[in-house]
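Structure file input.tsv (TSV, C-alpha atoms) is printed below.
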```tsv
chain	number	residue	atom	x	y	z
O	261	ASP	CA	0.00	0.00	0.00
O	262	GLY	CA	1.18	3.51	-0.77
O	263	GLY	CA	1.63	5.94	2.00
O	264	ILE	CA	3.86	8.16	4.11
O	265	THR	CA	6.24	6.70	6.67
O	266	GLN	CA	7.59	8.84	9.48
O	267	SER	CA	10.30	7.61	11.79
O	268	PRO	CA	10.96	7.34	14.60
O	269	LYS	CA	7.58	7.50	16.30
O	270	TYR	CA	9.17	8.89	19.48
O	271	LEU	CA	12.38	10.91	19.69
O	272	PHE	CA	14.25	12.51	22.54
O	273	ARG	CA	16.65	15.42	22.21
O	274	LYS	CA	19.34	16.57	24.57
O	275	GLU	CA	20.14	20.23	25.03
O	276	GLY	CA	22.33	21.57	22.21
O	277	GLN	CA	21.72	18.58	19.99
O	278	ASN	CA	20.41	18.49	16.45
O	279	VAL	CA	17.96	15.71	15.59
O	280	THR	CA	16.59	14.60	12.23
O	281	LEU	CA	13.07	13.33	11.60
O	282	SER	CA	12.56	11.06	8.65
O	283	CYS	CA	9.70	11.26	6.15
O	284	GLU	CA	9.42	8.90	3.19
O	285	GLN	CA	6.55	8.59	0.71
O	286	ASN	CA	5.87	6.05	-2.02
O	287	LEU	CA	2.89	7.87	-3.49
O	288	ASN	CA	4.94	9.49	-6.27
O	289	HIS	CA	3.83	12.88	-5.00
O	290	ASP	CA	5.70	16.02	-6.03
O	291	ALA	CA	4.89	18.18	-3.00
O	292	MET	CA	5.82	17.48	0.61
O	293	TYR	CA	5.20	19.40	3.84
O	294	TRP	CA	6.26	19.50	7.48
O	295	TYR	CA	3.89	20.67	10.19
O	296	ARG	CA	4.28	21.19	13.90
O	297	GLN	CA	1.31	20.44	16.16
O	298	ASP	CA	0.98	21.75	19.70
O	299	PRO	CA	-2.09	21.21	21.89
O	300	GLY	CA	-4.80	23.72	21.05
O	301	GLN	CA	-2.74	25.26	18.25
O	302	GLY	CA	-3.76	23.23	15.25
O	303	LEU	CA	-1.12	22.58	12.60
O	304	ARG	CA	1.50	25.15	11.71
O	305	LEU	CA	3.57	24.88	8.55
O	306	ILE	CA	7.34	24.64	9.01
O	307	TYR	CA	8.64	24.00	5.49
O	308	TYR	CA	7.28	22.76	2.20
O	309	SER	CA	8.76	21.49	-1.03
O	310	GLN	CA	6.99	21.55	-4.35
O	311	ILE	CA	9.71	19.77	-6.31
O	312	VAL	CA	13.02	18.03	-5.82
O	313	ASN	CA	15.93	20.30	-4.83
O	314	ASP	CA	13.60	23.14	-3.94
O	315	PHE	CA	11.89	24.07	-0.68
O	316	GLN	CA	10.26	27.08	0.93
O	317	LYS	CA	9.90	28.37	4.48
O	318	GLY	CA	6.52	28.14	6.10
O	319	ASP	CA	5.16	30.15	8.98
O	320	ILE	CA	7.52	28.86	11.70
O	321	ALA	CA	10.77	27.87	9.95
O	322	GLU	CA	13.19	29.34	12.50
O	323	GLY	CA	15.27	26.65	14.18
O	324	TYR	CA	14.48	24.03	11.53
O	325	SER	CA	16.11	22.91	8.29
O	326	VAL	CA	15.12	20.53	5.48
O	327	SER	CA	16.47	18.96	2.33
O	328	ARG	CA	14.80	17.44	-0.70
O	329	GLU	CA	17.40	15.45	-2.60
O	330	LYS	CA	15.00	12.72	-3.65
O	331	LYS	CA	11.35	12.89	-4.62
O	332	GLU	CA	10.33	10.37	-1.99
O	333	SER	CA	12.24	11.82	0.96
O	334	PHE	CA	11.91	15.07	2.91
O	335	PRO	CA	13.84	14.92	6.22
O	336	LEU	CA	13.43	17.63	8.85
O	337	THR	CA	16.28	18.64	11.16
O	338	VAL	CA	15.40	20.28	14.45
O	339	THR	CA	18.46	22.32	15.32
O	340	SER	CA	19.73	23.48	18.69
O	341	ALA	CA	18.48	26.95	17.72
O	342	GLN	CA	14.91	25.73	18.20
O	343	LYS	CA	14.44	26.50	21.88
O	344	ASN	CA	11.05	24.86	22.30
O	345	PRO	CA	11.13	21.75	20.13
O	346	THR	CA	8.76	19.59	22.18
O	347	ALA	CA	5.82	18.93	19.86
O	348	PHE	CA	4.18	16.44	17.52
O	349	TYR	CA	5.60	16.68	14.00
O	350	LEU	CA	3.57	15.67	10.97
O	351	CYS	CA	4.78	15.12	7.43
O	352	ALA	CA	2.38	15.32	4.48
O	353	SER	CA	2.44	15.06	0.72
O	354	SER	CA	0.20	16.00	-2.17
O	355	ILE	CA	0.20	14.95	-5.79
O	356	ASP	CA	1.41	18.30	-7.09
O	357	ARG	CA	2.04	21.89	-6.13
O	358	ASP	CA	-1.56	23.04	-6.46
O	359	SER	CA	-2.91	23.77	-3.02
O	360	ASN	CA	-6.33	22.45	-3.98
O	361	GLN	CA	-4.99	18.93	-3.90
O	362	PRO	CA	-5.66	16.99	-0.69
O	363	GLN	CA	-2.68	16.32	1.53
O	364	HIS	CA	-1.92	12.84	2.81
O	365	PHE	CA	-0.37	12.57	6.26
O	366	GLY	CA	2.04	10.28	8.04
O	367	ASP	CA	1.45	9.11	11.61
O	368	GLY	CA	3.78	11.66	13.14
O	369	THR	CA	6.87	11.83	15.33
O	370	ARG	CA	6.64	13.00	18.92
O	371	LEU	CA	9.76	14.90	19.96
O	372	SER	CA	10.58	15.52	23.61
O	373	ILE	CA	13.44	17.16	25.47
O	374	LEU	CA	15.55	15.15	27.93
P	27	ALA	CA	-3.97	35.88	3.98
P	28	GLN	CA	-6.46	33.10	4.52
P	29	SER	CA	-7.63	31.98	7.95
P	30	VAL	CA	-9.90	29.38	9.53
P	31	THR	CA	-11.86	29.62	12.77
P	32	GLN	CA	-13.31	26.65	14.57
P	33	PRO	CA	-15.30	28.27	17.39
P	34	ASP	CA	-15.79	25.12	19.47
P	35	ILE	CA	-12.69	23.74	21.20
P	36	HIS	CA	-14.47	20.71	22.67
P	37	ILE	CA	-17.89	19.16	22.01
P	38	THR	CA	-19.51	16.25	23.81
P	39	VAL	CA	-22.42	14.32	22.29
P	40	SER	CA	-24.24	11.14	23.14
P	41	GLU	CA	-23.87	8.15	20.87
P	42	GLY	CA	-26.66	8.18	18.29
P	43	ALA	CA	-27.15	11.94	18.50
P	44	SER	CA	-26.58	14.25	15.57
P	45	LEU	CA	-23.43	16.31	15.24
P	46	GLU	CA	-22.49	19.64	13.72
P	47	LEU	CA	-18.96	21.06	13.90
P	48	ARG	CA	-18.57	24.67	12.88
P	49	CYS	CA	-15.96	26.14	10.57
P	50	ASN	CA	-15.65	29.71	9.34
P	51	TYR	CA	-13.05	30.73	6.80
P	52	SER	CA	-11.58	33.91	5.42
P	53	TYR	CA	-10.33	33.87	1.85
P	54	GLY	CA	-10.53	36.40	-0.98
P	55	ALA	CA	-11.44	34.10	-3.84
P	56	THR	CA	-13.48	30.92	-4.22
P	57	PRO	CA	-12.13	28.68	-1.49
P	58	TYR	CA	-11.03	25.10	-1.59
P	59	LEU	CA	-12.07	23.62	1.75
P	60	PHE	CA	-11.27	20.41	3.60
P	61	TRP	CA	-12.21	18.54	6.75
P	62	TYR	CA	-9.70	16.17	8.36
P	63	VAL	CA	-9.99	13.88	11.38
P	64	GLN	CA	-7.19	12.90	13.76
P	65	SER	CA	-7.26	10.07	16.28
P	66	PRO	CA	-4.91	10.40	19.28
P	67	GLY	CA	-1.26	9.95	18.35
P	68	GLN	CA	-2.07	9.54	14.67
P	69	GLY	CA	-1.84	11.56	11.51
P	70	LEU	CA	-4.73	13.31	9.79
P	71	GLN	CA	-7.21	11.55	7.54
P	72	LEU	CA	-9.19	13.40	4.87
P	73	LEU	CA	-12.95	13.25	5.47
P	74	LEU	CA	-14.15	15.36	2.56
P	75	LYS	CA	-13.32	18.31	0.33
P	76	TYR	CA	-15.12	21.11	-1.46
P	77	PHE	CA	-13.79	22.58	-4.68
P	78	SER	CA	-16.84	23.83	-6.57
P	79	GLY	CA	-20.30	22.81	-7.67
P	80	ASP	CA	-22.77	21.23	-5.29
P	81	THR	CA	-22.55	22.98	-1.94
P	82	LEU	CA	-23.41	19.81	0.00
P	83	VAL	CA	-20.42	17.49	-0.01
P	84	GLN	CA	-20.47	13.85	1.04
P	85	GLY	CA	-17.45	12.28	2.67
P	86	ILE	CA	-16.28	9.08	4.29
P	87	LYS	CA	-17.65	7.55	7.50
P	88	GLY	CA	-21.11	9.09	6.92
P	89	PHE	CA	-19.98	12.71	7.23
P	90	GLU	CA	-21.18	15.58	5.07
P	91	ALA	CA	-20.44	19.28	4.96
P	92	GLU	CA	-22.27	22.27	3.54
P	93	PHE	CA	-20.55	25.24	1.96
P	94	LYS	CA	-22.33	28.55	2.54
P	95	ARG	CA	-20.61	31.40	0.78
P	96	SER	CA	-22.84	34.07	2.34
P	97	GLN	CA	-21.81	32.94	5.82
P	98	SER	CA	-18.21	31.99	4.95
P	99	SER	CA	-18.91	28.66	6.59
P	100	PHE	CA	-18.21	25.02	5.90
P	101	ASN	CA	-19.85	23.09	8.75
P	102	LEU	CA	-19.39	19.35	9.17
P	103	ARG	CA	-22.39	17.20	10.03
P	104	LYS	CA	-23.27	13.62	10.85
P	105	PRO	CA	-26.83	12.44	11.55
P	106	SER	CA	-25.93	9.77	14.10
P	107	VAL	CA	-22.60	9.71	15.94
P	108	HIS	CA	-20.80	6.46	16.78
P	109	TRP	CA	-18.38	6.00	19.67
P	110	SER	CA	-15.59	5.51	17.13
P	111	ASP	CA	-16.11	9.09	15.91
P	112	ALA	CA	-14.42	10.43	19.05
P	113	ALA	CA	-11.37	12.28	17.71
P	114	GLU	CA	-10.17	15.76	16.83
P	115	TYR	CA	-11.50	17.42	13.70
P	116	PHE	CA	-9.73	20.06	11.64
P	117	CYS	CA	-11.11	22.37	8.98
P	118	ALA	CA	-8.66	23.75	6.41
P	119	VAL	CA	-8.68	26.23	3.53
P	120	ALA	CA	-6.28	26.11	0.59
P	121	GLY	CA	-4.25	29.20	-0.18
P	122	SER	CA	-1.10	29.86	-2.12
P	123	TYR	CA	0.50	26.41	-2.32
P	124	GLN	CA	-0.39	25.56	1.27
P	125	LEU	CA	-3.26	24.70	3.56
P	126	THR	CA	-4.25	26.81	6.54
P	127	PHE	CA	-5.78	24.81	9.36
P	128	GLY	CA	-8.14	25.76	12.15
P	129	LYS	CA	-7.14	24.93	15.71
P	130	GLY	CA	-9.41	21.92	15.81
P	131	THR	CA	-12.50	20.70	17.65
P	132	LYS	CA	-12.18	17.74	19.97
P	133	LEU	CA	-15.21	15.46	19.91
P	134	SER	CA	-16.07	13.27	22.87
P	135	VAL	CA	-18.85	10.67	22.60
P	136	ILE	CA	-20.85	9.48	25.61
P	137	PRO	CA	-21.98	5.84	25.34
```

Output the file's structure in the form of structure tokens.
Amino acid sequence: DGGITQSPKYLFRKEGQNVTLSCEQNLNHDAMYWYRQDPGQGLRLIYYSQIVNDFQKGDIAEGYSVSREKKESFPLTVTSAQKNPTAFYLCASSIDRDSNQPQHFGDGTRLSIL
Amino acid sequence: AQSVTQPDIHITVSEGASLELRCNYSYGATPYLFWYVQSPGQGLQLLLKYFSGDTLVQGIKGFEAEFKRSQSSFNLRKPSVHWSDAAEYFCAVAGSYQLTFGKGTKLSVIP
């Protein structure tokens, strides 16, 4: 079955450490997205990529970085500059860059601070 | 910029009762609208979408939503709620290459 795989499901970060969240899709979708979810805040867009080797900042990109070297992969790095990284992170994809296309979501990674 | 308001943070209904979750949007042009559902610790699943045409949209799991341009609303409805419908529901509007989500409505179902 096609879908989006996020790993790990749970991740712990030490102070001053960078961590990378994995997102892989086998849907052959062009566009991919990273969201951060905090209780009562809904989903906020961190970064998005409409095509390989290109990505754009979302609303809350500070303290995060991404790469898009392959169509199926869009890893997110939470850097030490992100002072409040504890959250639920969701990766999504859509068939193309048009925003009217539905987004398909992975099951998320929960990041916590040690 | 587009925005979405879900006025109800938490709603509790009895199993078998009807349900309506409210969503109001702000967008300059004809909106593309979505409803998603999220179970605890899971990702979001698309329930239904509105692009154009018939203002009453049918979705999965017996849900429907009605687009009302005059009220800038896209409310989600279900005639008879099941215990398995307990989850968090998000309304979203499509903008420039991204979706803008509301803050969600948590639905609890009393047996």

Could you please select, counting all atoms listed in the file, the residues of chain O within 7 Å of chain P and state them as a list in words?
->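 Putting it all together, I get Gly300, Gln301, Gly302, Leu303, Leu350, Arg357, Asp358, Ser359, Asn360, Phe365, Gly366, Asp367 and Gly368 of chain O.
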
Since we have the selection now, will you write its residues out, keeping C-alpha atoms, as a PDB file, in the frame of the given file?
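Saved the output as selection32.pdb:
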```pdb
ATOM      1  CA  GLY O 300      -4.800  23.720  21.050  1.00  0.00           C
ATOM      2  CA  GLN O 301      -2.740  25.260  18.250  1.00  0.00           C
ATOM      3  CA  GLY O 302      -3.760  23.230  15.250  1.00  0.00           C
ATOM      4  CA  LEU O 303      -1.120  22.580  12.600  1.00  0.00           C
ATOM      5  CA  LEU O 350       3.570  15.670  10.970  1.00  0.00           C
ATOM      6  CA  ARG O 357       2.040  21.890  -6.130  1.00  0.00           C
ATOM      7  CA  ASP O 358      -1.560  23.040  -6.460  1.00  0.00           C
ATOM      8  CA  SER O 359      -2.910  23.770  -3.020  1.00  0.00           C
ATOM      9  CA  ASN O 360      -6.330  22.450  -3.980  1.00  0.00           C
ATOM     10  CA  PHE O 365      -0.370  12.570   6.260  1.00  0.00           C
ATOM     11  CA  GLY O 366       2.040  10.280   8.040  1.00  0.00           C
ATOM     12  CA  ASP O 367       1.450   9.110  11.610  1.00  0.00           C
ATOM     13  CA  GLY O 368       3.780  11.660  13.140  1.00  0.00           C
TER      14      GLY O 368
END
```

Interatomic distance (Å, one decimal) between atom CA of Glu284 of chain O and atom CA of Ser110 of chain P = 28.8 Å

Could you pull the residues within 8 Å of segment 50-54 of chain P, counting only C-alpha atoms, minus those fewer than 3 positions along the same chain, as a ChimeraX atom specification?
-> /P:27-32,57,97-101,119,121

Rounded to one decimal in Å, what is the spacing between atom CA of Leu133 of chain P and atom CA of Tyr270 of chain O?
->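 These atoms are spaced 25.3 Å apart.
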
Pro345 of chain O surroundings by only C-alpha atoms, 8 Å radius, close-in-sequence under 2 positions cut, as a VMD selection string = chain O and resid 338 342 to 343 347 371 to 373

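Interatomic distance, atom CA of Leu305 of chain O against atom CA of Tyr349 of chain O: 10.1 Å.
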
Polymer residues at most 6 Å from segment 313-328 of chain O, all atoms listed in the file, same-chain spacing of 6 or more positions, as JSON, numbers by chain | {"O": [305, 306, 307, 334, 335, 336, 337, 338, 339, 341, 342]}
